[in-house]
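Next comes start_37.cif, a file with mmCIF, C-alpha atoms.
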```cif
data_start
loop_
_atom_site.label_atom_id
_atom_site.label_comp_id
_atom_site.auth_asym_id
_atom_site.auth_seq_id
_atom_site.Cartn_x
_atom_site.Cartn_y
_atom_site.Cartn_z
CA MET A 1 4.44 2.28 -19.21
CA THR A 2 2.89 -0.62 -17.40
CA VAL A 3 1.19 -3.82 -18.35
CA ALA A 4 -2.37 -3.25 -19.56
CA ALA A 5 -5.00 -3.94 -16.91
CA ALA A 6 -7.18 -5.72 -19.46
CA TYR A 7 -4.37 -8.15 -20.33
CA ARG A 8 -2.60 -8.32 -17.00
CA THR A 9 -2.86 -12.11 -16.60
CA ASN A 10 -1.02 -12.72 -19.85
CA ASP A 11 1.24 -9.69 -19.51
CA ILE A 12 2.47 -10.54 -16.02
CA GLN A 13 3.21 -14.09 -17.15
CA LEU A 14 5.05 -12.73 -20.19
CA CYS A 15 7.12 -10.33 -18.11
CA ILE A 16 8.24 -13.01 -15.64
CA TYR A 17 8.94 -15.41 -18.50
CA GLU A 18 10.98 -12.85 -20.46
CA LEU A 19 12.87 -11.88 -17.31
CA ILE A 20 13.88 -15.50 -16.69
CA ASP A 21 14.49 -16.03 -20.41
CA TYR A 22 16.88 -13.07 -20.46
CA LEU A 23 18.80 -14.55 -17.54
CA THR A 24 19.01 -17.99 -19.14
CA GLU A 25 20.50 -16.40 -22.22
CA ASN A 26 22.92 -14.01 -20.55
CA THR A 27 23.78 -14.73 -16.94
CA SER A 28 25.61 -17.68 -15.38
CA PRO A 29 24.50 -20.09 -13.92
CA TRP A 30 21.09 -19.41 -15.51
CA THR A 31 22.66 -20.08 -18.93
CA SER A 32 22.60 -23.80 -18.08
CA TRP A 33 18.81 -23.70 -18.19
CA GLU A 34 16.02 -22.88 -20.63
CA ALA A 35 12.89 -20.79 -19.96
CA VAL A 36 9.53 -22.19 -21.08
CA LEU A 37 6.32 -20.17 -21.31
CA GLY A 38 3.44 -22.16 -19.82
CA TRP A 39 3.23 -25.84 -19.03
CA PRO A 40 6.22 -27.74 -20.44
CA GLU A 41 5.22 -30.12 -23.25
CA THR A 42 7.16 -33.33 -23.57
CA GLU A 43 9.26 -32.10 -26.47
CA VAL A 44 11.10 -29.62 -24.26
CA PHE A 45 12.78 -32.53 -22.51
CA LYS A 46 14.57 -33.32 -25.73
CA ASP A 47 16.59 -30.12 -25.23
CA LYS A 48 19.96 -30.46 -23.62
CA ASP A 49 19.18 -27.88 -20.94
CA ALA A 50 17.05 -28.22 -17.84
CA ILE A 51 13.95 -26.03 -17.92
CA ILE A 52 12.23 -23.37 -15.87
CA TYR A 53 8.55 -23.20 -16.75
CA VAL A 54 6.41 -20.14 -16.00
CA LEU A 55 2.64 -20.57 -15.50
CA GLU A 56 -0.13 -17.94 -15.46
CA PRO A 57 -0.57 -15.73 -12.40
CA ILE A 58 -3.67 -16.34 -10.31
CA PRO A 59 -5.37 -13.32 -8.73
CA VAL A 60 -5.58 -14.25 -5.06
CA LYS A 61 -6.79 -11.01 -3.67
CA ALA A 62 -8.36 -8.48 -5.96
CA GLU A 63 -9.21 -6.09 -3.20
CA GLU A 64 -5.87 -4.89 -2.00
CA ILE A 65 -7.46 -1.52 -1.42
CA ARG A 66 -5.05 1.06 -0.15
CA GLN A 67 -6.95 4.22 -0.92
CA GLN A 68 -10.43 5.54 -0.35
CA GLY A 69 -12.66 6.30 -3.33
CA GLY A 70 -10.79 4.35 -5.94
CA LEU A 71 -9.72 1.15 -7.60
CA PRO A 72 -7.54 -1.44 -5.85
CA LEU A 73 -4.11 -2.81 -6.48
CA HIS A 74 -4.23 -6.51 -7.30
CA ARG A 75 -2.24 -9.29 -5.74
CA PHE A 76 -1.30 -12.37 -7.75
CA GLU A 77 0.37 -15.68 -7.15
CA LEU A 78 2.40 -17.04 -10.02
CA LEU A 79 3.63 -20.63 -10.06
CA PHE A 80 6.86 -21.44 -11.79
CA GLY A 81 9.23 -24.32 -11.42
CA GLY A 82 12.36 -26.17 -12.42
CA TRP A 83 12.46 -29.57 -14.12
CA VAL A 84 15.75 -31.42 -14.39
CA THR A 85 16.58 -34.89 -15.70
CA MET A 86 19.32 -37.11 -14.39
CA LYS A 87 21.42 -36.39 -17.50
CA GLN A 88 21.09 -32.67 -16.90
CA GLY A 89 22.56 -32.89 -13.40
CA GLY A 90 19.81 -34.45 -11.32
CA ALA A 91 19.19 -33.43 -7.72
CA GLU A 92 22.40 -31.42 -7.47
CA GLU A 93 21.48 -29.32 -10.49
CA ILE A 94 17.93 -28.60 -9.32
CA ASN A 95 19.25 -27.56 -5.92
CA ILE A 96 21.60 -25.10 -7.63
CA MET A 97 18.60 -23.86 -9.61
CA ASP A 98 16.57 -23.60 -6.39
CA SER A 99 19.22 -21.52 -4.62
CA THR A 100 19.82 -19.31 -7.65
CA ILE A 101 16.13 -18.56 -8.08
CA LEU A 102 15.63 -17.74 -4.39
CA ASN A 103 18.74 -15.58 -4.30
CA PHE A 104 17.56 -13.62 -7.32
CA PHE A 105 13.92 -13.12 -6.39
CA GLU A 106 14.55 -12.35 -2.71
CA ASN A 107 16.81 -9.40 -3.50
CA PRO A 108 14.63 -6.38 -4.32
CA GLN A 109 17.39 -4.55 -6.15
CA THR A 110 18.29 -7.42 -8.46
CA VAL A 111 14.78 -8.60 -9.24
CA HIS A 112 13.24 -5.18 -9.80
CA GLN A 113 16.13 -3.67 -11.71
CA GLN A 114 17.00 -6.54 -14.05
CA THR A 115 16.28 -5.40 -17.59
CA PHE A 116 14.60 -7.55 -20.23
CA THR A 117 12.61 -7.05 -23.41
CA VAL A 118 9.01 -8.13 -23.68
CA THR A 119 6.30 -7.88 -26.31
CA LEU A 120 3.04 -7.42 -24.44
CA THR A 121 -0.28 -8.93 -25.43
CA ASP A 122 -1.36 -5.77 -27.25
CA GLY A 123 1.76 -5.98 -29.43
CA THR A 124 3.73 -3.25 -27.66
CA GLU A 125 7.42 -4.03 -27.43
CA GLN A 126 8.97 -2.90 -24.17
CA ALA A 127 12.72 -2.85 -24.77
CA ASP A 128 15.15 -2.95 -21.84
CA THR A 129 12.31 -2.63 -19.37
CA THR A 130 12.14 -3.74 -15.74
CA LEU A 131 9.42 -5.18 -13.56
CA VAL A 132 9.10 -1.78 -11.90
CA ASN A 133 8.58 -0.09 -15.26
CA GLU A 134 5.81 -2.58 -15.98
CA GLY A 135 4.15 -1.88 -12.64
CA ILE A 136 4.92 -5.28 -11.15
CA ARG A 137 6.23 -5.65 -7.62
CA VAL A 138 7.65 -8.90 -6.29
CA GLU A 139 6.36 -9.21 -2.74
CA ASP A 140 7.65 -12.63 -1.81
CA ILE A 141 8.76 -16.02 -3.08
CA THR A 142 8.13 -19.38 -1.46
CA GLY A 143 9.52 -22.79 -2.39
CA GLY A 144 10.96 -24.66 -3.98
CA ARG A 145 8.64 -27.48 -3.11
CA TRP A 146 9.40 -30.95 -4.41
CA ILE A 147 6.82 -32.09 -6.97
CA ASP A 148 6.50 -35.79 -7.77
CA THR A 149 7.38 -36.89 -11.29
CA GLU A 150 6.36 -40.04 -13.15
CA ASP A 151 9.97 -40.72 -14.08
CA VAL A 152 12.14 -41.28 -11.03
CA LYS A 153 15.10 -39.93 -13.00
CA GLU A 154 13.48 -36.50 -13.21
CA TYR A 155 13.56 -33.85 -10.48
CA ARG A 156 11.02 -31.09 -10.18
CA LYS A 157 10.59 -28.17 -7.78
CA GLU A 158 7.98 -25.45 -7.82
CA PHE A 159 7.95 -21.89 -6.51
CA THR A 160 5.16 -19.43 -5.73
CA LEU A 161 5.85 -15.82 -6.55
CA THR A 162 3.62 -13.27 -4.83
CA LEU A 163 3.20 -10.20 -7.02
CA LYS A 164 1.40 -6.89 -6.90
CA ASN A 165 0.10 -5.02 -9.94
CA MET B 1 -14.44 20.29 -11.42
CA PRO B 2 -14.40 16.97 -9.56
CA LEU B 3 -17.73 15.20 -9.39
CA THR B 4 -19.16 13.49 -6.35
CA THR B 5 -19.24 10.27 -8.36
CA ASP B 6 -15.58 10.31 -9.45
CA GLN B 7 -13.69 7.06 -9.03
CA LEU B 8 -9.93 7.24 -8.59
CA ALA B 9 -7.49 5.17 -10.63
CA ALA B 10 -5.66 2.34 -8.91
CA PRO B 11 -2.58 3.52 -7.04
CA LEU B 12 0.84 2.94 -8.54
CA ILE B 13 3.23 0.65 -6.76
CA ASN B 14 5.49 3.55 -5.75
CA ASP B 15 2.59 5.43 -4.18
CA GLU B 16 3.41 3.68 -0.96
CA VAL B 17 6.67 2.92 0.74
CA ARG B 18 7.48 0.28 3.28
CA GLY B 19 9.93 0.27 6.12
CA ARG B 20 11.95 -2.57 4.65
CA GLU B 21 12.82 -0.38 1.69
CA CYS B 22 14.09 2.58 3.71
CA LEU B 23 17.69 3.55 4.23
CA HIS B 24 18.80 5.61 7.22
CA ARG B 25 22.06 7.50 7.48
CA TYR B 26 23.51 10.08 9.82
CA VAL B 27 26.23 12.69 10.07
CA ARG B 28 27.63 14.02 13.30
CA SER B 29 26.56 17.60 14.06
CA ASP B 30 30.15 18.42 14.99
CA ALA B 31 31.76 16.71 11.99
CA ASP B 32 35.29 17.76 11.10
CA ALA B 33 35.78 20.45 8.48
CA ALA B 34 35.08 18.99 5.06
CA VAL B 35 33.07 19.59 1.98
CA HIS B 36 30.53 16.78 1.85
CA ALA B 37 30.89 15.79 5.48
CA ALA B 38 30.62 12.00 5.34
CA TRP B 39 27.29 10.39 6.17
CA THR B 40 27.30 6.95 7.74
CA ASN B 41 24.69 4.35 6.87
CA LEU B 42 22.78 3.15 9.90
CA LYS B 43 22.31 -0.60 9.95
CA TRP B 44 19.99 -2.57 12.23
CA VAL B 45 17.14 -0.02 12.12
CA GLN B 46 13.55 -1.25 12.37
CA SER B 47 11.84 2.12 12.50
CA VAL B 48 12.49 5.81 13.03
CA THR B 49 9.39 7.55 14.33
CA VAL B 50 8.97 11.29 14.62
CA SER B 51 6.10 12.37 16.84
CA GLU B 52 4.06 15.50 16.37
CA PRO B 53 5.64 18.45 18.20
CA THR B 54 4.92 19.60 21.68
CA TYR B 55 5.52 23.19 22.75
CA GLU B 56 7.23 24.64 25.76
CA THR B 57 4.78 27.52 25.73
CA GLU B 58 1.34 27.65 24.20
CA ARG B 59 -1.14 30.42 24.86
CA THR B 60 -4.16 32.08 23.37
CA VAL B 61 -3.79 35.74 22.52
CA LEU B 62 -6.84 37.98 22.76
CA HIS B 63 -6.52 41.57 21.79
CA GLN B 64 -8.67 44.66 21.58
CA GLY B 65 -9.92 45.88 18.24
CA SER B 66 -10.60 42.46 16.82
CA LYS B 67 -12.86 39.53 17.50
CA ASP B 68 -10.24 37.02 16.40
CA LYS B 69 -7.96 35.24 18.74
CA THR B 70 -4.62 33.74 17.95
CA VAL B 71 -2.83 30.74 19.40
CA LYS B 72 0.87 31.38 19.90
CA ARG B 73 3.22 28.46 20.25
CA TYR B 74 6.86 28.73 21.17
CA ASN B 75 9.83 26.36 21.31
CA PRO B 76 8.60 23.21 19.59
CA ARG B 77 10.11 19.86 20.43
CA TRP B 78 9.82 16.73 18.32
CA ASP B 79 10.23 13.45 20.20
CA ILE B 80 11.91 10.76 18.14
CA THR B 81 12.02 7.01 18.67
CA ILE B 82 14.52 4.80 16.89
CA ASN B 83 13.94 1.05 17.09
CA VAL B 84 17.01 -1.04 16.37
CA LEU B 85 17.85 -4.72 16.64
CA SER B 86 18.14 -5.33 20.37
CA GLY B 87 21.75 -6.49 20.26
CA LYS B 88 22.88 -3.34 18.49
CA MET B 89 21.47 -0.71 20.82
CA PRO B 90 24.84 0.16 22.40
CA ASP B 91 26.55 0.37 19.00
CA VAL B 92 24.04 2.95 17.75
CA ILE B 93 24.07 5.04 20.94
CA ALA B 94 27.87 5.10 20.92
CA ALA B 95 27.98 5.98 17.23
CA PHE B 96 25.62 8.91 17.77
CA ARG B 97 28.00 10.11 20.47
CA GLY B 98 30.93 9.91 18.07
CA ALA B 99 32.50 6.76 19.46
CA THR B 100 32.82 3.14 18.48
CA TRP B 101 31.55 0.74 21.11
CA GLY B 102 34.47 -1.56 21.90
CA ALA B 103 37.48 -2.13 24.11
CA THR B 104 38.33 1.57 24.26
CA ASN B 105 34.73 2.68 24.67
CA THR B 106 33.28 -0.04 26.83
CA GLY B 107 30.56 1.82 28.67
CA VAL B 108 27.46 3.27 27.04
CA PRO B 109 25.44 5.26 29.57
CA LEU B 110 21.68 5.30 29.14
CA GLN B 111 21.63 8.76 30.65
CA ALA B 112 21.76 11.87 28.54
CA SER B 113 24.61 14.01 29.80
CA ASN B 114 23.44 17.29 28.28
CA ASP B 115 21.05 18.73 25.74
CA ASP B 116 23.59 19.06 22.94
CA PRO B 117 22.76 17.83 19.44
CA GLN B 118 24.58 14.72 18.28
CA VAL B 119 23.59 13.91 14.71
CA HIS B 120 21.52 14.83 11.69
CA ILE B 121 19.57 11.81 10.42
CA GLU B 122 18.33 11.37 6.87
CA SER B 123 15.78 8.62 6.27
CA ILE B 124 15.45 7.76 2.60
CA PHE B 125 12.10 6.23 1.64
CA ARG B 126 12.51 4.15 -1.50
CA GLY B 127 10.32 2.26 -3.88
CA GLU B 128 10.07 -1.51 -4.12
CA ASP B 129 13.28 -1.75 -6.14
CA ASN B 130 15.12 -0.49 -3.05
CA GLU B 131 16.68 2.21 -5.22
CA THR B 132 14.04 4.61 -6.54
CA VAL B 133 13.82 7.39 -3.97
CA VAL B 134 10.22 8.41 -3.27
CA PHE B 135 11.15 11.04 -0.70
CA SER B 136 13.51 11.63 2.18
CA ARG B 137 13.03 12.93 5.70
CA VAL B 138 15.72 14.86 7.51
CA ILE B 139 15.89 15.09 11.29
CA GLN B 140 18.29 17.85 12.19
CA ASP B 141 20.16 18.17 15.45
CA PHE B 142 18.93 14.94 17.01
CA ILE B 143 19.61 14.81 20.75
CA LEU B 144 19.73 11.55 22.67
CA ASP B 145 17.40 11.32 25.68
CA SER B 146 17.94 9.35 28.82
CA MET B 147 16.33 6.00 28.13
CA GLY B 148 15.46 2.60 29.56
CA HIS B 149 16.20 -0.89 28.34
CA ASP B 150 13.74 -3.76 27.87
CA ASN B 151 14.71 -7.38 28.20
CA PRO B 152 11.67 -9.52 27.38
CA MET B 153 11.73 -13.25 26.67
CA ASP B 154 11.26 -13.00 22.94
CA VAL B 155 12.92 -11.10 20.12
CA ALA B 156 12.65 -7.39 20.90
CA ASP B 157 13.66 -4.01 19.60
CA GLY B 158 16.19 -1.83 21.32
CA VAL B 159 14.41 1.48 21.74
CA ILE B 160 16.53 4.61 21.45
CA ARG B 161 14.81 7.84 22.37
CA GLY B 162 15.72 11.38 21.48
CA HIS B 163 14.34 14.70 20.41
CA SER B 164 14.99 17.70 18.24
CA TYR B 165 14.16 21.37 18.67
CA TYR B 166 14.22 22.01 14.92
CA PRO B 167 11.62 20.94 12.40
CA PRO B 168 12.16 17.64 10.62
CA PHE B 169 11.48 18.15 6.93
CA MET B 170 10.59 16.10 3.88
CA VAL B 171 12.75 16.24 0.76
CA TYR B 172 11.56 15.74 -2.79
CA THR B 173 12.82 12.82 -4.84
CA GLY B 174 16.08 13.61 -6.61
CA TYR B 175 17.39 15.70 -3.71
CA GLU B 176 19.46 14.78 -0.69
CA ALA B 177 20.82 16.35 2.47
CA GLN B 178 24.43 17.46 2.59
CA MET B 179 26.59 19.22 5.14
CA ASP B 180 29.66 21.33 4.46
CA VAL B 181 31.90 22.25 7.40
CA TRP B 182 34.70 24.81 7.54
CA ASP B 183 37.25 25.89 10.14
CA ALA B 184 36.73 29.62 9.86
CA THR B 185 39.38 31.85 8.35
CA PRO B 186 39.65 35.18 10.22
CA THR B 187 38.16 38.21 8.44
CA THR B 188 36.86 35.98 5.64
CA VAL B 189 33.19 36.66 5.01
CA THR B 190 32.49 34.36 2.05
CA TYR B 191 32.55 30.59 2.03
CA THR B 192 31.82 28.43 -0.99
CA LEU B 193 29.32 25.61 -0.66
CA SER B 194 30.09 22.44 -2.58
CA ASP B 195 26.65 22.52 -4.23
CA THR B 196 23.77 24.93 -4.73
CA PRO B 197 21.12 24.62 -2.01
CA ALA B 198 17.61 23.83 -3.17
CA THR B 199 14.78 26.21 -2.40
CA ILE B 200 12.15 25.54 0.22
CA THR B 201 8.51 25.08 -0.60
CA THR B 202 7.19 28.53 0.16
CA ALA B 203 9.34 31.64 0.08
CA SER B 204 7.72 33.03 3.19
CA SER B 205 8.22 29.85 5.21
CA HIS B 206 11.72 30.46 6.42
CA ASP B 207 11.44 30.27 10.14
CA GLN B 208 14.87 29.02 11.18
CA TRP B 209 15.84 28.67 7.54
CA GLU B 210 18.27 30.85 5.68
CA PHE B 211 15.88 32.85 3.56
CA ASP B 212 14.53 30.77 0.70
CA ASN B 213 17.21 28.14 0.73
CA CYS B 214 17.04 24.76 2.35
CA ALA B 215 20.01 25.75 4.48
CA PHE B 216 20.73 25.64 8.18
CA ILE B 217 23.87 27.52 9.06
CA LYS B 218 25.61 27.19 12.39
CA ASN B 219 28.64 28.90 13.84
CA LYS B 220 30.39 27.08 16.64
CA ASP B 221 32.50 29.47 18.70
CA ASN B 222 35.21 27.26 20.11
CA SER B 223 36.81 30.15 22.00
CA GLU B 224 33.70 30.33 24.16
CA SER B 225 33.60 26.61 24.88
CA ASP B 226 30.57 26.49 22.64
CA THR B 227 29.69 22.81 22.33
CA THR B 228 26.77 23.03 19.96
CA GLY B 229 27.09 26.05 17.71
CA GLY B 230 24.61 28.84 17.39
CA ARG B 231 22.12 28.65 14.59
CA LEU B 232 22.19 31.70 12.32
CA VAL B 233 19.06 33.05 10.71
CA THR B 234 20.25 36.59 10.17
CA GLY B 235 23.56 38.17 9.21
CA VAL B 236 24.29 35.57 6.56
CA SER B 237 23.01 35.02 3.04
CA ILE B 238 23.39 32.46 0.31
CA SER B 239 23.48 33.19 -3.40
CA GLY B 240 24.20 30.20 -5.60
CA VAL B 241 27.09 28.45 -3.89
CA THR B 242 28.36 31.55 -2.12
CA MET B 243 27.61 31.95 1.55
CA THR B 244 28.32 35.48 2.79
CA PHE B 245 28.43 36.72 6.36
CA THR B 246 27.12 40.29 6.40
CA THR B 247 27.46 40.62 10.16
CA GLY B 248 29.30 38.57 12.74
CA THR B 249 32.26 37.52 10.63
CA PRO B 250 33.46 34.19 12.04
CA ALA B 251 36.56 34.34 14.18
CA ALA B 252 39.69 32.19 13.90
CA SER B 253 38.57 29.50 16.29
CA ASP B 254 35.05 29.20 14.90
CA LYS B 255 33.70 26.23 13.05
CA ILE B 256 30.95 26.89 10.50
CA SER B 257 28.56 24.31 9.18
CA CYS B 258 25.80 24.44 6.64
CA LEU B 259 23.24 21.65 6.37
CA TYR B 260 21.27 21.95 3.16
CA VAL B 261 19.41 20.06 0.49
CA LYS B 262 20.84 19.72 -3.00
CA ALA B 263 20.10 17.83 -6.17
CA VAL B 264 21.52 14.31 -6.23
#
```
This structure in C-alpha cells:
Amino acid sequence: MTVAAAYRTNDIQLCIYELIDYLTENTSPWTSWEAVLGWPETEVFKDKDAIIYVLEPIPVKAEEIRQQGGLPLHRFELLFGGWVTMKQGGAEEINIMDSTILNFFENPQTVHQQTFTVTLTDGTEQADTTLVNEGIRVEDITGGRWIDTEDVKEYRKEFTLTLKN
Amino acid sequence: MPLTTDQLAAPLINDEVRGRECLHRYVRSDADAAVHAAWTNLKWVQSVTVSEPTYETERTVLHQGSKDKTVKRYNPRWDITINVLSGKMPDVIAAFRGATWGATNTGVPLQASNDDPQVHIESIFRGEDNETVVFSRVIQDFILDSMGHDNPMDVADGVIRGHSYYPPFMVYTGYEAQMDVWDATPTTVTYTLSDTPATITTASSHDQWEFDNCAFIKNKDNSESDTTGGRLVTGVSISGVTMTFTTGTPAASDKISCLYVKAV
C-alpha cells in the first residue's frame, strides 16, 4: 500500500508528520519535543515542549522519468523545522534537535524502517507502516538553517527534506 | 494483448537500486572446513563492475546438410573491476589473498603470482531502506590480476582488477550464497549440506552447474599439490541436502567445497 497519487501532497505531509509524532511520543530525546502538522499557530507556544512543525511538500521535479513509455516518479521538497523558546532550552536545545534530526534522517535504515501509524487523506488507516511501505524514499536532508524570529528569546531552524514518491 | 498506445504505471521506488545501498561480501575459495563458511563484509567499496565476457576461442561453424551456421565460443572470461577508497587498496588486495595487511604482512605486490582463484564475492543490491534485498550477484572464483596504481592530485579510487572463468549469476530476493567446506573422509560418498540448494532458472541450463541446483562443487586434491580444486560437473549429485559422489570418491587428503544458493 502506498500513498494515493491523487492525494500525495497531503499524504506525504501526513506520513512525515506522523513519523515525527511517533518519535516525539516514544523515543528519547524526541520525547522532549512536540510534532505540529502545518504552520505552528501561536497557541502551540503555550505548550511546555519545543515544537517540530511539518509543512507541505513542494513538487520540485515532476519529471523524474526513469523508464520509457510510462509515468514518472516525482521528487518533492518538504520543509520542516524546530522552534524552541529560551525556557525550553534555547540555543542548546535546538542544536540537540538539529543533530538528532540529521542523525535520524541521514541513516537510511532508521528513517525508512521506523514504524508509525497514519490515517491517509482517503480515510485509510495504515497501522505500523513505514515510509517504504507508503512508497516514500528519503533522498537527502539539508539544514538546519537559522530562521529569524521576532522574539529574540526564540530559536528556529529549518530543514529541507528531499523525497521521492 | 498490449496496445501500441499503452502507458506504463510509474515505477516503484524499489524498481531501481543505487550503489550506496549495496553491500559486498566475500569468502575465500580455500576457506577452512566448515558448514556456513564465514563471509566477510567488504568495506570501502565504491563499485564492483563485471564486464561482458570475452572468449579464448570463438569460431563460426559451417557444416554440410544445412544452410545454418553456428557460432561456437569456448572458455569465457569475465573481467572484473573493483573500485575502493584509495587508502584501502592494499587492505583489500591482502584480504583477497587471505592475509591481513600489517606488520606481519607488510608487502602487497601488484603482480598476480598465478591464475588461482582467491574469493567468491556476493554483491547484495538493496532497496532504499538499506535492508530490503532486491537481488544479489555472485562472482565465483574471482582471480586478482596484475594491476597498476594511480596517484592523482584529487580524491581517487583504488582500482583493483581481476577476472573469473565462471559465470557470475544473479540471485532472486530472499536467497543468498553459501559455501560448505569439508575435509574429506576416506570412502565416504555422501556429505550433508547445511541447507537445501535452490534450483536454477532453467533445468537445461546447467553448464558448469550441478544439474538443476544452484551448486558449484569442487574437490581440492591436496595430495597432488592442487592449489585450486577441480570443479565437478559429473560424478556427483545433490538431492535435498545430500550430496553424493557416484564416481571419484574423495580421498583422505581432499577438501570438498560446495558453493550454492539457498533461501535466507
What are the closest atom pairs, with distances in Å to one decimal, for each residue of chain B lying within 6 Å of chain A, using all atoms listed in the file, rows by chain and rising residue number, as a Markdown table?
```
| residue | atom | partner | partner_atom | distance |
| --- | --- | --- | --- | --- |
| B:Gln7 | CA | A:Gly70 | CA | 5.0 |
| B:Leu8 | CA | A:Gly70 | CA | 4.0 |
| B:Ala9 | CA | A:Leu71 | CA | 5.5 |
| B:Ala10 | CA | A:Leu71 | CA | 4.4 |
| B:Asp129 | CA | A:Gln109 | CA | 5.0 |
| B:Asn130 | CA | A:Gln109 | CA | 5.6 |
```
Could you pull the residues within 6 Å of Val181 of chain B, counting all atoms listed in the file, minus those fewer than 2 positions along the same chain, as a CSV table (one decimal) with C-alpha atoms, in the frame of the given file?
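File part_21.csv, as written:
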```
chain,number,residue,atom,x,y,z
B,33,ALA,CA,35.8,20.4,8.5
B,34,ALA,CA,35.1,19.0,5.1
B,256,ILE,CA,31.0,26.9,10.5
B,257,SER,CA,28.6,24.3,9.2
```
>> Need to verify the contact set: Leu102 of chain A, 12 Å, only C-alpha atoms, exclusion of same-chain residues closer than 6 positions in sequence. Can you return it as a VMD selection string?
In response: chain A and resid 81 95 to 96 108 110 to 111 140 to 144 158 to 161
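Selection result for the displayed file, with the PyMOL selection byres ((chain A and resi 31) around 12) as criterion, is Ile20, Asp21, Tyr22, Leu23, Thr24, Glu25, Asn26, Thr27, Ser28, Pro29, Trp30, Ser32, Trp33, Glu34, Ala35, Lys48, Asp49, Ala50, Ile51, Ile52, Met97 and Thr100 of chain A.
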>> Taking 4 positions as the minimum chain separation for residues in the same chain, which residues sit within 9 Å of Ser164 of chain B when counting only C-alpha atoms? Answer as a PyMOL selection string.
In response: chain B and resi 76-80+117+139-144+168
Which neighbours of Glu134 of chain A fall inside 12 Å, counting all atoms listed in the file, when residues of the same chain fewer than 2 positions from it are skipped, and could you give them as an mmCIF file with C-alpha atoms, keeping the file's coordinate frame?
```
data_model
loop_
_atom_site.group_PDB
_atom_site.id
_atom_site.type_symbol
_atom_site.label_atom_id
_atom_site.label_comp_id
_atom_site.auth_asym_id
_atom_site.auth_seq_id
_atom_site.Cartn_x
_atom_site.Cartn_y
_atom_site.Cartn_z
ATOM 1 C CA MET A 1 4.440 2.280 -19.210
ATOM 2 C CA THR A 2 2.890 -0.620 -17.400
ATOM 3 C CA VAL A 3 1.190 -3.820 -18.350
ATOM 4 C CA ALA A 4 -2.370 -3.250 -19.560
ATOM 5 C CA ALA A 5 -5.000 -3.940 -16.910
ATOM 6 C CA ARG A 8 -2.600 -8.320 -17.000
ATOM 7 C CA ASP A 11 1.240 -9.690 -19.510
ATOM 8 C CA ILE A 12 2.470 -10.540 -16.020
ATOM 9 C CA GLN A 13 3.210 -14.090 -17.150
ATOM 10 C CA LEU A 14 5.050 -12.730 -20.190
ATOM 11 C CA CYS A 15 7.120 -10.330 -18.110
ATOM 12 C CA ILE A 16 8.240 -13.010 -15.640
ATOM 13 C CA LEU A 19 12.870 -11.880 -17.310
ATOM 14 C CA HIS A 112 13.240 -5.180 -9.800
ATOM 15 C CA GLN A 113 16.130 -3.670 -11.710
ATOM 16 C CA THR A 115 16.280 -5.400 -17.590
ATOM 17 C CA PHE A 116 14.600 -7.550 -20.230
ATOM 18 C CA THR A 117 12.610 -7.050 -23.410
ATOM 19 C CA VAL A 118 9.010 -8.130 -23.680
ATOM 20 C CA THR A 119 6.300 -7.880 -26.310
ATOM 21 C CA LEU A 120 3.040 -7.420 -24.440
ATOM 22 C CA THR A 124 3.730 -3.250 -27.660
ATOM 23 C CA GLU A 125 7.420 -4.030 -27.430
ATOM 24 C CA GLN A 126 8.970 -2.900 -24.170
ATOM 25 C CA ALA A 127 12.720 -2.850 -24.770
ATOM 26 C CA ASP A 128 15.150 -2.950 -21.840
ATOM 27 C CA THR A 129 12.310 -2.630 -19.370
ATOM 28 C CA THR A 130 12.140 -3.740 -15.740
ATOM 29 C CA LEU A 131 9.420 -5.180 -13.560
ATOM 30 C CA VAL A 132 9.100 -1.780 -11.900
ATOM 31 C CA ILE A 136 4.920 -5.280 -11.150
ATOM 32 C CA ARG A 137 6.230 -5.650 -7.620
ATOM 33 C CA VAL A 138 7.650 -8.900 -6.290
ATOM 34 C CA LYS A 164 1.400 -6.890 -6.900
ATOM 35 C CA ASN A 165 0.100 -5.020 -9.940
ATOM 36 C CA LEU B 12 0.840 2.940 -8.540
ATOM 37 C CA ILE B 13 3.230 0.650 -6.760
ATOM 38 C CA ASN B 14 5.490 3.550 -5.750
#
```
>> Please expand the PyMOL selection byres ((chain B and resi 90) around 9) into the concrete residues it hits in this file, giving the result as a PyMOL selection string.
In response: chain B and resi 86-89+91-95+101+107-109+158
> So which residues are close to (22.6, 12.0, 3.7), meaning at most 9 Å away in the file's coordinates with all atoms listed in the file counted, and can you show them as a ChimeraX atom specification?
Replying inline: /B:24-27,38-41,120-124,138,176-179
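For the file shown, the residue list from the PyMOL selection byres ((chain B and resi 254) around 7) reads B:Asp183, B:Ala184, B:Asn219, B:Lys220, B:Asp221, B:Asn222, B:Pro250, B:Ala251, B:Ala252, B:Ser253, B:Lys255, B:Ile256.
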File of the preceding selection, C-alpha atoms, as a CSV table (one decimal), in the frame of the given file:
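Generated output (result29.csv):
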```
chain,number,residue,atom,x,y,z
B,183,ASP,CA,37.2,25.9,10.1
B,184,ALA,CA,36.7,29.6,9.9
B,219,ASN,CA,28.6,28.9,13.8
B,220,LYS,CA,30.4,27.1,16.6
B,221,ASP,CA,32.5,29.5,18.7
B,222,ASN,CA,35.2,27.3,20.1
B,250,PRO,CA,33.5,34.2,12.0
B,251,ALA,CA,36.6,34.3,14.2
B,252,ALA,CA,39.7,32.2,13.9
B,253,SER,CA,38.6,29.5,16.3
B,255,LYS,CA,33.7,26.2,13.0
B,256,ILE,CA,31.0,26.9,10.5
```
> Interatomic distance between atom CA of Val261 of chain B and atom CA of Tyr172 of chain B?
Replying inline: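 Atom CA of Val261 of chain B sits 9.5 Å away from atom CA of Tyr172 of chain B.
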Please export segment 109-121 of chain A as a short mmCIF file (atom, residue, chain, number, x, y, z; two decimals), in the first residue's frame, restricted to C-alpha atoms.
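Just written: selection_20.cif:
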```cif
data_model
loop_
_atom_site.label_atom_id
_atom_site.label_comp_id
_atom_site.auth_asym_id
_atom_site.auth_seq_id
_atom_site.Cartn_x
_atom_site.Cartn_y
_atom_site.Cartn_z
CA GLN A 109 17.89 2.09 7.78
CA THR A 110 16.46 4.14 10.64
CA VAL A 111 14.41 6.58 8.59
CA HIS A 112 12.92 4.03 6.20
CA GLN A 113 12.25 1.32 8.75
CA GLN A 114 10.78 3.38 11.59
CA THR A 115 7.18 2.33 12.03
CA PHE A 116 4.31 4.73 12.64
CA THR A 117 0.55 4.81 12.16
CA VAL A 118 -1.09 7.23 9.77
CA THR A 119 -4.62 7.87 8.58
CA LEU A 120 -4.34 8.94 4.96
CA THR A 121 -6.47 11.57 3.28
#
```
